[in-house]
Amino acid sequence: MAGSHHISRRDFVKLTTAALGSIMGAVIGLPAIGYLIDPALKASGKDAWIPLGPLEKFEAGKPALVTFTRSKINGWEKTVNSYGVFVIKKSDSEALVLSNKCTHLSCRVNWLEERQEYICPCHDAAFGLNGEVLGGPPPRPLDRYEGEQLKVEEGTLYLHFVEG
Amino acid sequence: MWQKIYAWLDERLGLNDLYKATLDRPEPKGNWWNTLGSASLFLFILQGVTGIFLSVYYTPSPDHAYDSITYIMNGVAFGWLMRGIHHWGASLMVIVVFVHMLRVFVTASYKYPRELTWMIGVGLLLLTLGMGFTGYLLPWNQKAYWATTVGTSIAGTVPWIGAFIERVLRGGAELSALTLSRFFAAHIWIFPAAMAGLIGVHLYLIIKHGESEFPGKDD
Ligand code: HEM
Ligand code: FES
């Protein structure tokens, strides 16, 4: 039947099956991709101003650990995560805030007063007072909050927290 | 290039023979009623695919079953579509399988040599209903809970062993987390596996015997 305008019954059935099959496959398959990757696309980055306490209560030049919790809803479950930051008061109106999360593999660092260093318990990283790397494996200084990310309102220090 | 690959595969897998035996086999003159078995098969596969997608988010525990379904409906992209297809497909499948059986009955296709095809079909019908029964509980809402309470109580009315059957179905005296998880296991593993096996034999027999001719005026 080559060259004729007629299509054989067989080819018609094949063609219709292929066409309908593709349509049905697409109607299920394409939404399925969205369905499966949806959690990864959920906008994260909810933000909030977290009060860290009255600035006057902090001792200048000495890191103080402040912890707070944030709750987050994952699907149908609510989890509460706790976070820790070191507040280093610089003046009566200024402070530097460092995350206590080691930039190597996320262990929590501790301030050792006698060494004047933050020490990571996991692989012995050492960070200086302002977060700079002094030794060990971390690739970058401790994450810091400064400038726009901090504010002092009625004497209380606030941190602008963005969920990761 | 593709022809070469195909020829290579065909030589080893016998694709052409397979095609001839399954899709190119001779058929008596039939009509649309003959498509209902294939429609059942299509729905079985569709339910399987959408069911697998639902299991990505569904959680079979009394604490989370209802919330996870609410999340599928309102929180996940196209969750409503996946659940919708699975939900309506379930009812449609019961109807289609049942009408398929009716047509086989009306055309008397269950007769020799197809009795075994029929008997396996009975197993498939029961399993299809079982899928509906076990699936209905999974959302763990009021309707599901009470429907299963009633359904398992009905099983409890069997003489002598009824009370025992009821306890086995419920995994205890009343509906609990154990009921939900065993219904879940039956719904996603035990029944589908049994159905896949039976469908395989069903199809083998259909290919072996060929479709039955429609009875004529003289039959
Ligand atoms: C999941 C359920 C089922 C599937 C997937 C299925 C699939 C099929 C398919 C694809 C065919 C060939 C096409 C056709 O005749 O429609 C067929 C034929 C047949 N089915 Fe089923 N079926 C199912 C349930 C049943 C039930 C419930 C019965 C009866 C109790 C049954 C009895 C038969 C018989 C006897 C034939 C041969 C018909 C003939 O040769 O004319 N099947 N089935
Ligand atoms: S995690 Fe802190 S040093 Fe490895």
# chains A, B, ... in the order shown; residues from 1 in each chain; ligands from 1
$ residues_near_ligand --ligand "ligand 1" --cutoff "8 Å" --atoms "only C-alpha atoms and all ligand atoms" --output "PyMOL selection string"
chain B and resi 33-44+93+97-98+100-102+104-105+107+109-111+114-128+195+199+202-203+206+209-214
$ residues_near_ligand --ligand "ligand 2" --cutoff "7 Å" --atoms "only C-alpha atoms and all ligand atoms" --output "mmCIF file with N, CA, C and O atoms, in the first residue's frame"
data_model
loop_
_atom_site.group_PDB
_atom_site.id
_atom_site.type_symbol
_atom_site.label_atom_id
_atom_site.label_comp_id
_atom_site.auth_asym_id
_atom_site.auth_seq_id
_atom_site.Cartn_x
_atom_site.Cartn_y
_atom_site.Cartn_z
ATOM 1 N N CYS A 102 30.114 23.786 63.202
ATOM 2 C CA CYS A 102 31.422 23.676 62.568
ATOM 3 C C CYS A 102 31.250 23.628 61.059
ATOM 4 O O CYS A 102 30.370 22.940 60.541
ATOM 5 N N THR A 103 32.107 24.381 60.360
ATOM 6 C CA THR A 103 31.981 24.443 58.901
ATOM 7 C C THR A 103 32.593 23.222 58.227
ATOM 8 O O THR A 103 32.525 23.092 57.012
ATOM 9 N N HIS A 104 33.173 22.330 59.014
ATOM 10 C CA HIS A 104 33.690 21.099 58.424
ATOM 11 C C HIS A 104 32.528 20.149 58.191
ATOM 12 O O HIS A 104 32.002 20.066 57.090
ATOM 13 N N LEU A 105 32.040 19.455 59.241
ATOM 14 C CA LEU A 105 30.942 18.517 59.055
ATOM 15 C C LEU A 105 29.815 18.719 60.062
ATOM 16 O O LEU A 105 29.140 17.782 60.458
ATOM 17 N N SER A 106 29.642 19.964 60.468
ATOM 18 C CA SER A 106 28.448 20.342 61.236
ATOM 19 C C SER A 106 28.372 19.889 62.688
ATOM 20 O O SER A 106 27.297 19.898 63.277
ATOM 21 N N CYS A 107 29.479 19.498 63.302
ATOM 22 C CA CYS A 107 29.425 19.273 64.748
ATOM 23 C C CYS A 107 29.300 20.640 65.419
ATOM 24 O O CYS A 107 29.454 21.670 64.777
ATOM 25 N N CYS A 120 36.263 22.218 67.992
ATOM 26 C CA CYS A 120 35.252 21.268 67.534
ATOM 27 C C CYS A 120 35.602 19.891 68.089
ATOM 28 O O CYS A 120 36.733 19.436 67.944
ATOM 29 N N PRO A 121 34.660 19.227 68.728
ATOM 30 C CA PRO A 121 34.935 17.930 69.337
ATOM 31 C C PRO A 121 35.141 16.823 68.311
ATOM 32 O O PRO A 121 35.659 15.761 68.650
ATOM 33 N N CYS A 122 34.757 17.063 67.074
ATOM 34 C CA CYS A 122 34.768 15.949 66.117
ATOM 35 C C CYS A 122 36.142 15.699 65.505
ATOM 36 O O CYS A 122 36.655 14.598 65.559
ATOM 37 N N HIS A 123 36.735 16.764 64.886
ATOM 38 C CA HIS A 123 38.037 16.535 64.248
ATOM 39 C C HIS A 123 39.020 17.623 64.638
ATOM 40 O O HIS A 123 39.883 18.014 63.854
ATOM 41 N N ASP A 124 38.819 18.122 65.868
ATOM 42 C CA ASP A 124 39.784 19.049 66.446
ATOM 43 C C ASP A 124 39.993 20.348 65.697
ATOM 44 O O ASP A 124 41.103 20.881 65.686
ATOM 45 N N ALA A 125 38.944 20.851 65.082
ATOM 46 C CA ALA A 125 39.107 22.150 64.439
ATOM 47 C C ALA A 125 39.222 23.217 65.518
ATOM 48 O O ALA A 125 38.669 23.074 66.605
ATOM 49 N N GLY A 136 42.990 22.685 61.802
ATOM 50 C CA GLY A 136 42.040 21.616 61.560
ATOM 51 C C GLY A 136 41.450 21.668 60.158
ATOM 52 O O GLY A 136 41.859 22.495 59.344
ATOM 53 N N PRO A 137 40.493 20.819 59.875
ATOM 54 C CA PRO A 137 39.999 20.666 58.506
ATOM 55 C C PRO A 137 38.953 21.653 57.985
ATOM 56 O O PRO A 137 38.639 21.573 56.798
ATOM 57 N N PRO A 138 38.376 22.555 58.764
ATOM 58 C CA PRO A 138 37.267 23.365 58.220
ATOM 59 C C PRO A 138 37.679 24.190 57.012
ATOM 60 O O PRO A 138 38.761 24.775 56.993
#
$ closest_atom_pairs --of "chain A" --to "chain B" --cutoff "12 Å" --atoms "only C-alpha atoms" --output "Markdown table"
| residue | atom | partner | partner_atom | distance |
| --- | --- | --- | --- | --- |
| A:Arg10 | CA | B:Asp24 | CA | 10.4 |
| A:Val13 | CA | B:Leu23 | CA | 11.8 |
| A:Lys14 | CA | B:Leu23 | CA | 11.0 |
| A:Gly21 | CA | B:Phe42 | CA | 11.1 |
| A:Met24 | CA | B:Leu46 | CA | 10.3 |
| A:Gly25 | CA | B:Leu46 | CA | 10.3 |
| A:Val27 | CA | B:Leu81 | CA | 9.9 |
| A:Ile28 | CA | B:Met82 | CA | 8.1 |
| A:Gly29 | CA | B:Val49 | CA | 9.9 |
| A:Leu30 | CA | B:Phe78 | CA | 9.7 |
| A:Pro31 | CA | B:Phe78 | CA | 5.9 |
| A:Ala32 | CA | B:Phe78 | CA | 7.3 |
| A:Ile33 | CA | B:Ala77 | CA | 9.3 |
| A:Gly34 | CA | B:Ala77 | CA | 6.0 |
| A:Tyr35 | CA | B:Ala77 | CA | 5.0 |
| A:Leu36 | CA | B:Phe53 | CA | 7.8 |
| A:Ile37 | CA | B:Ala77 | CA | 8.8 |
| A:Asp38 | CA | B:Ala77 | CA | 6.0 |
| A:Pro39 | CA | B:Val76 | CA | 7.4 |
| A:Ala40 | CA | B:Val76 | CA | 10.7 |
| A:Leu41 | CA | B:Ala77 | CA | 9.8 |
| A:Lys42 | CA | B:Val76 | CA | 9.3 |
| A:Ile73 | CA | B:Tyr71 | CA | 11.1 |
| A:Asn74 | CA | B:Tyr71 | CA | 9.9 |
| A:Gly75 | CA | B:Tyr71 | CA | 6.2 |
| A:Trp76 | CA | B:Asp67 | CA | 5.6 |
| A:Glu77 | CA | B:His64 | CA | 8.2 |
| A:Lys78 | CA | B:Asp67 | CA | 11.4 |
$ write_last_selection --atoms "N, CA and C atoms" --output "PDB file, in the first residue's frame"
ATOM      1  N   ARG A  10      -4.156  -2.604  10.167  1.00  0.00           N
ATOM      2  CA  ARG A  10      -3.080  -2.914  11.086  1.00  0.00           C
ATOM      3  C   ARG A  10      -2.314  -1.672  11.524  1.00  0.00           C
ATOM      4  N   VAL A  13      -4.322   0.617  13.702  1.00  0.00           N
ATOM      5  CA  VAL A  13      -4.405   0.165  15.094  1.00  0.00           C
ATOM      6  C   VAL A  13      -3.098   0.457  15.814  1.00  0.00           C
ATOM      7  N   LYS A  14      -1.982   0.163  15.128  1.00  0.00           N
ATOM      8  CA  LYS A  14      -0.672   0.413  15.740  1.00  0.00           C
ATOM      9  C   LYS A  14      -0.513   1.891  16.077  1.00  0.00           C
ATOM     10  N   GLY A  21      -1.343   5.559  23.820  1.00  0.00           N
ATOM     11  CA  GLY A  21      -0.401   5.143  24.853  1.00  0.00           C
ATOM     12  C   GLY A  21       0.484   6.294  25.278  1.00  0.00           C
ATOM     13  N   MET A  24      -1.569   8.807  27.345  1.00  0.00           N
ATOM     14  CA  MET A  24      -1.831   8.333  28.703  1.00  0.00           C
ATOM     15  C   MET A  24      -0.538   8.320  29.524  1.00  0.00           C
ATOM     16  N   GLY A  25       0.551   7.903  28.884  1.00  0.00           N
ATOM     17  CA  GLY A  25       1.837   7.890  29.581  1.00  0.00           C
ATOM     18  C   GLY A  25       2.215   9.288  30.044  1.00  0.00           C
ATOM     19  N   VAL A  27       0.139  11.853  30.542  1.00  0.00           N
ATOM     20  CA  VAL A  27      -0.806  12.380  31.534  1.00  0.00           C
ATOM     21  C   VAL A  27      -0.447  11.879  32.936  1.00  0.00           C
ATOM     22  N   ILE A  28       0.061  10.668  33.025  1.00  0.00           N
ATOM     23  CA  ILE A  28       0.471  10.157  34.340  1.00  0.00           C
ATOM     24  C   ILE A  28       1.936  10.478  34.610  1.00  0.00           C
ATOM     25  N   GLY A  29       2.761  10.300  33.590  1.00  0.00           N
ATOM     26  CA  GLY A  29       4.206  10.393  33.784  1.00  0.00           C
ATOM     27  C   GLY A  29       4.681  11.787  34.141  1.00  0.00           C
ATOM     28  N   LEU A  30       4.182  12.808  33.437  1.00  0.00           N
ATOM     29  CA  LEU A  30       4.671  14.158  33.708  1.00  0.00           C
ATOM     30  C   LEU A  30       4.265  14.637  35.105  1.00  0.00           C
ATOM     31  N   PRO A  31       2.963  14.520  35.483  1.00  0.00           N
ATOM     32  CA  PRO A  31       2.629  14.885  36.860  1.00  0.00           C
ATOM     33  C   PRO A  31       3.425  14.072  37.878  1.00  0.00           C
ATOM     34  N   ALA A  32       3.725  12.818  37.527  1.00  0.00           N
ATOM     35  CA  ALA A  32       4.441  11.957  38.478  1.00  0.00           C
ATOM     36  C   ALA A  32       5.801  12.548  38.813  1.00  0.00           C
ATOM     37  N   ILE A  33       6.452  13.165  37.821  1.00  0.00           N
ATOM     38  CA  ILE A  33       7.757  13.764  38.096  1.00  0.00           C
ATOM     39  C   ILE A  33       7.599  14.871  39.130  1.00  0.00           C
ATOM     40  N   GLY A  34       6.595  15.749  38.884  1.00  0.00           N
ATOM     41  CA  GLY A  34       6.345  16.824  39.843  1.00  0.00           C
ATOM     42  C   GLY A  34       6.027  16.279  41.220  1.00  0.00           C
ATOM     43  N   TYR A  35       5.233  15.227  41.230  1.00  0.00           N
ATOM     44  CA  TYR A  35       4.807  14.598  42.479  1.00  0.00           C
ATOM     45  C   TYR A  35       6.011  14.095  43.272  1.00  0.00           C
ATOM     46  N   LEU A  36       6.955  13.481  42.573  1.00  0.00           N
ATOM     47  CA  LEU A  36       8.094  12.880  43.262  1.00  0.00           C
ATOM     48  C   LEU A  36       9.112  13.908  43.743  1.00  0.00           C
ATOM     49  N   ILE A  37       9.329  14.961  42.938  1.00  0.00           N
ATOM     50  CA  ILE A  37      10.378  15.908  43.336  1.00  0.00           C
ATOM     51  C   ILE A  37       9.820  17.055  44.173  1.00  0.00           C
ATOM     52  N   ASP A  38       8.487  17.061  44.393  1.00  0.00           N
ATOM     53  CA  ASP A  38       7.844  18.191  45.070  1.00  0.00           C
ATOM     54  C   ASP A  38       8.515  18.637  46.377  1.00  0.00           C
ATOM     55  N   PRO A  39       8.845  17.703  47.288  1.00  0.00           N
ATOM     56  CA  PRO A  39       9.424  18.171  48.559  1.00  0.00           C
ATOM     57  C   PRO A  39      10.710  18.967  48.371  1.00  0.00           C
ATOM     58  N   ALA A  40      11.464  18.628  47.310  1.00  0.00           N
ATOM     59  CA  ALA A  40      12.717  19.334  47.076  1.00  0.00           C
ATOM     60  C   ALA A  40      12.469  20.757  46.585  1.00  0.00           C
ATOM     61  N   LEU A  41      11.273  20.983  46.019  1.00  0.00           N
ATOM     62  CA  LEU A  41      10.978  22.303  45.464  1.00  0.00           C
ATOM     63  C   LEU A  41      10.304  23.227  46.459  1.00  0.00           C
ATOM     64  N   LYS A  42       9.844  22.643  47.582  1.00  0.00           N
ATOM     65  CA  LYS A  42       9.134  23.456  48.568  1.00  0.00           C
ATOM     66  C   LYS A  42      10.011  24.614  48.995  1.00  0.00           C
ATOM     67  N   ILE A  73       7.556  22.158  59.786  1.00  0.00           N
ATOM     68  CA  ILE A  73       6.633  21.090  59.409  1.00  0.00           C
ATOM     69  C   ILE A  73       7.133  20.431  58.129  1.00  0.00           C
ATOM     70  N   ASN A  74       7.466  19.148  58.247  1.00  0.00           N
ATOM     71  CA  ASN A  74       7.882  18.380  57.080  1.00  0.00           C
ATOM     72  C   ASN A  74       6.744  17.438  56.718  1.00  0.00           C
ATOM     73  N   GLY A  75       6.054  17.725  55.631  1.00  0.00           N
ATOM     74  CA  GLY A  75       4.934  16.869  55.264  1.00  0.00           C
ATOM     75  C   GLY A  75       3.888  16.907  56.353  1.00  0.00           C
ATOM     76  N   TRP A  76       3.696  15.765  57.025  1.00  0.00           N
ATOM     77  CA  TRP A  76       2.668  15.687  58.059  1.00  0.00           C
ATOM     78  C   TRP A  76       3.301  15.608  59.435  1.00  0.00           C
ATOM     79  N   GLU A  77       4.583  15.933  59.521  1.00  0.00           N
ATOM     80  CA  GLU A  77       5.220  15.824  60.810  1.00  0.00           C
ATOM     81  C   GLU A  77       5.921  17.106  61.202  1.00  0.00           C
ATOM     82  N   LYS A  78       5.774  17.455  62.503  1.00  0.00           N
ATOM     83  CA  LYS A  78       6.405  18.669  62.998  1.00  0.00           C
ATOM     84  C   LYS A  78       7.681  18.270  63.717  1.00  0.00           C
TER      85      LYS A  78
END
$ select_by_dssp --residues "chain A" --states "strand (DSSP E or B)" --output "ChimeraX atom specification"
/A:47-54,60,64-74,77-89,95-99,101,108,110-112,117-119,126-127,133-135,144-145,150-153,156-162
$ residues_around --residues "Glu166 in chain B" --least-positions-apart "2" --cutoff "6 Å" --atoms "only C-alpha atoms" --output "ChimeraX atom specification"
/B:152,155-156,163-164,168-169
$ write_last_selection --atoms "N, CA, C and O atoms" --output "JSON list (two decimals), in the first residue's frame"
[["chain", "number", "residue", "atom", "x", "y", "z"],
["B", 152, "THR", "N", -15.35, -6.67, 58.96],
["B", 152, "THR", "CA", -14.73, -7.77, 59.69],
["B", 152, "THR", "C", -15.76, -8.45, 60.60],
["B", 152, "THR", "O", -15.68, -9.65, 60.84],
["B", 155, "ALA", "N", -17.49, -11.05, 58.60],
["B", 155, "ALA", "CA", -16.69, -12.28, 58.55],
["B", 155, "ALA", "C", -16.85, -13.05, 59.85],
["B", 155, "ALA", "O", -16.77, -14.28, 59.87],
["B", 156, "GLY", "N", -17.14, -12.32, 60.94],
["B", 156, "GLY", "CA", -17.29, -12.96, 62.25],
["B", 156, "GLY", "C", -18.55, -13.79, 62.37],
["B", 156, "GLY", "O", -18.69, -14.57, 63.33],
["B", 163, "ALA", "N", -15.54, -16.16, 64.85],
["B", 163, "ALA", "CA", -14.85, -15.30, 65.82],
["B", 163, "ALA", "C", -13.34, -15.33, 65.59],
["B", 163, "ALA", "O", -12.66, -14.31, 65.70],
["B", 164, "PHE", "N", -12.87, -16.52, 65.21],
["B", 164, "PHE", "CA", -11.43, -16.65, 64.96],
["B", 164, "PHE", "C", -11.02, -15.86, 63.71],
["B", 164, "PHE", "O", -10.03, -15.13, 63.72],
["B", 168, "VAL", "N", -8.31, -12.84, 63.30],
["B", 168, "VAL", "CA", -7.18, -12.89, 62.37],
["B", 168, "VAL", "C", -7.20, -11.65, 61.47],
["B", 168, "VAL", "O", -6.17, -11.00, 61.27],
["B", 169, "LEU", "N", -8.38, -11.32, 60.94],
["B", 169, "LEU", "CA", -8.47, -10.15, 60.06],
["B", 169, "LEU", "C", -8.06, -8.88, 60.80],
["B", 169, "LEU", "O", -7.34, -8.05, 60.27]]
$ residues_around --residues "range 64-69 of chain A" --least-positions-apart "6" --cutoff "10 Å" --atoms "only C-alpha atoms" --output "JSON, numbers by chain"
{"A": [50, 51, 52, 53, 58, 80, 81, 82, 83, 84, 85, 86, 87, 88, 89, 97, 98, 99, 100, 110, 111]}
$ atom_distance --atom1 "CA of Pro60 in chain B" --atom2 "CA of Arg170 in chain B"
14.7 Å
$ residues_around --residues "Glu148 in chain A" --least-positions-apart "6" --cutoff "12 Å" --atoms "only C-alpha atoms" --output "list in words"
Trp49, Glu94, Ala95, Leu96, Val97, Tyr158, Leu159, His160 and Phe161 of chain A
$ decode --residues "range 184-208 of chain B" --atoms "N, CA and C atoms" --output "PDB file, in the first residue's frame"
ATOM      1  N   PHE B 184      -2.502  -3.015  55.193  1.00  0.00           N
ATOM      2  CA  PHE B 184      -1.548  -2.373  54.289  1.00  0.00           C
ATOM      3  C   PHE B 184      -0.683  -3.431  53.587  1.00  0.00           C
ATOM      4  N   ALA B 185      -0.160  -4.371  54.362  1.00  0.00           N
ATOM      5  CA  ALA B 185       0.684  -5.420  53.774  1.00  0.00           C
ATOM      6  C   ALA B 185      -0.110  -6.225  52.757  1.00  0.00           C
ATOM      7  N   ALA B 186      -1.363  -6.540  53.090  1.00  0.00           N
ATOM      8  CA  ALA B 186      -2.186  -7.290  52.146  1.00  0.00           C
ATOM      9  C   ALA B 186      -2.427  -6.457  50.893  1.00  0.00           C
ATOM     10  N   HIS B 187      -2.668  -5.170  51.102  1.00  0.00           N
ATOM     11  CA  HIS B 187      -3.040  -4.314  49.978  1.00  0.00           C
ATOM     12  C   HIS B 187      -1.878  -4.045  49.028  1.00  0.00           C
ATOM     13  N   ILE B 188      -0.684  -3.870  49.550  1.00  0.00           N
ATOM     14  CA  ILE B 188       0.404  -3.521  48.628  1.00  0.00           C
ATOM     15  C   ILE B 188       1.315  -4.695  48.282  1.00  0.00           C
ATOM     16  N   TRP B 189       1.334  -5.778  49.105  1.00  0.00           N
ATOM     17  CA  TRP B 189       2.236  -6.883  48.792  1.00  0.00           C
ATOM     18  C   TRP B 189       1.514  -8.183  48.479  1.00  0.00           C
ATOM     19  N   ILE B 190       0.735  -8.659  49.448  1.00  0.00           N
ATOM     20  CA  ILE B 190       0.235 -10.026  49.328  1.00  0.00           C
ATOM     21  C   ILE B 190      -0.752 -10.161  48.167  1.00  0.00           C
ATOM     22  N   PHE B 191      -1.796  -9.332  48.163  1.00  0.00           N
ATOM     23  CA  PHE B 191      -2.800  -9.452  47.100  1.00  0.00           C
ATOM     24  C   PHE B 191      -2.243  -9.117  45.714  1.00  0.00           C
ATOM     25  N   PRO B 192      -1.506  -8.019  45.566  1.00  0.00           N
ATOM     26  CA  PRO B 192      -0.974  -7.736  44.230  1.00  0.00           C
ATOM     27  C   PRO B 192      -0.057  -8.842  43.719  1.00  0.00           C
ATOM     28  N   ALA B 193       0.766  -9.408  44.608  1.00  0.00           N
ATOM     29  CA  ALA B 193       1.664 -10.482  44.167  1.00  0.00           C
ATOM     30  C   ALA B 193       0.839 -11.683  43.711  1.00  0.00           C
ATOM     31  N   ALA B 194      -0.189 -12.028  44.499  1.00  0.00           N
ATOM     32  CA  ALA B 194      -1.040 -13.150  44.125  1.00  0.00           C
ATOM     33  C   ALA B 194      -1.731 -12.869  42.797  1.00  0.00           C
ATOM     34  N   MET B 195      -2.199 -11.629  42.629  1.00  0.00           N
ATOM     35  CA  MET B 195      -2.888 -11.274  41.386  1.00  0.00           C
ATOM     36  C   MET B 195      -1.949 -11.340  40.200  1.00  0.00           C
ATOM     37  N   ALA B 196      -0.738 -10.831  40.370  1.00  0.00           N
ATOM     38  CA  ALA B 196       0.213 -10.851  39.256  1.00  0.00           C
ATOM     39  C   ALA B 196       0.450 -12.287  38.810  1.00  0.00           C
ATOM     40  N   GLY B 197       0.612 -13.183  39.779  1.00  0.00           N
ATOM     41  CA  GLY B 197       0.825 -14.589  39.433  1.00  0.00           C
ATOM     42  C   GLY B 197      -0.379 -15.173  38.713  1.00  0.00           C
ATOM     43  N   LEU B 198      -1.559 -14.941  39.256  1.00  0.00           N
ATOM     44  CA  LEU B 198      -2.767 -15.497  38.638  1.00  0.00           C
ATOM     45  C   LEU B 198      -3.014 -14.901  37.254  1.00  0.00           C
ATOM     46  N   ILE B 199      -2.771 -13.597  37.117  1.00  0.00           N
ATOM     47  CA  ILE B 199      -2.961 -12.966  35.807  1.00  0.00           C
ATOM     48  C   ILE B 199      -2.019 -13.610  34.793  1.00  0.00           C
ATOM     49  N   GLY B 200      -0.788 -13.900  35.236  1.00  0.00           N
ATOM     50  CA  GLY B 200       0.163 -14.563  34.341  1.00  0.00           C
ATOM     51  C   GLY B 200      -0.390 -15.876  33.820  1.00  0.00           C
ATOM     52  N   VAL B 201      -0.916 -16.698  34.718  1.00  0.00           N
ATOM     53  CA  VAL B 201      -1.452 -17.992  34.285  1.00  0.00           C
ATOM     54  C   VAL B 201      -2.700 -17.790  33.422  1.00  0.00           C
ATOM     55  N   HIS B 202      -3.558 -16.845  33.838  1.00  0.00           N
ATOM     56  CA  HIS B 202      -4.772 -16.498  33.086  1.00  0.00           C
ATOM     57  C   HIS B 202      -4.404 -16.168  31.629  1.00  0.00           C
ATOM     58  N   LEU B 203      -3.416 -15.314  31.465  1.00  0.00           N
ATOM     59  CA  LEU B 203      -3.022 -14.887  30.123  1.00  0.00           C
ATOM     60  C   LEU B 203      -2.385 -16.040  29.349  1.00  0.00           C
ATOM     61  N   TYR B 204      -1.580 -16.829  30.052  1.00  0.00           N
ATOM     62  CA  TYR B 204      -0.967 -17.984  29.386  1.00  0.00           C
ATOM     63  C   TYR B 204      -2.057 -18.887  28.810  1.00  0.00           C
ATOM     64  N   LEU B 205      -3.088 -19.143  29.618  1.00  0.00           N
ATOM     65  CA  LEU B 205      -4.161 -20.027  29.167  1.00  0.00           C
ATOM     66  C   LEU B 205      -4.923 -19.427  27.987  1.00  0.00           C
ATOM     67  N   ILE B 206      -5.112 -18.104  28.035  1.00  0.00           N
ATOM     68  CA  ILE B 206      -5.839 -17.460  26.930  1.00  0.00           C
ATOM     69  C   ILE B 206      -5.050 -17.596  25.632  1.00  0.00           C
ATOM     70  N   ILE B 207      -3.703 -17.412  25.741  1.00  0.00           N
ATOM     71  CA  ILE B 207      -2.877 -17.540  24.543  1.00  0.00           C
ATOM     72  C   ILE B 207      -2.843 -18.989  24.084  1.00  0.00           C
ATOM     73  N   LYS B 208      -2.796 -19.900  25.031  1.00  0.00           N
ATOM     74  CA  LYS B 208      -2.730 -21.319  24.686  1.00  0.00           C
ATOM     75  C   LYS B 208      -4.001 -21.786  23.965  1.00  0.00           C
TER      76      LYS B 208
END
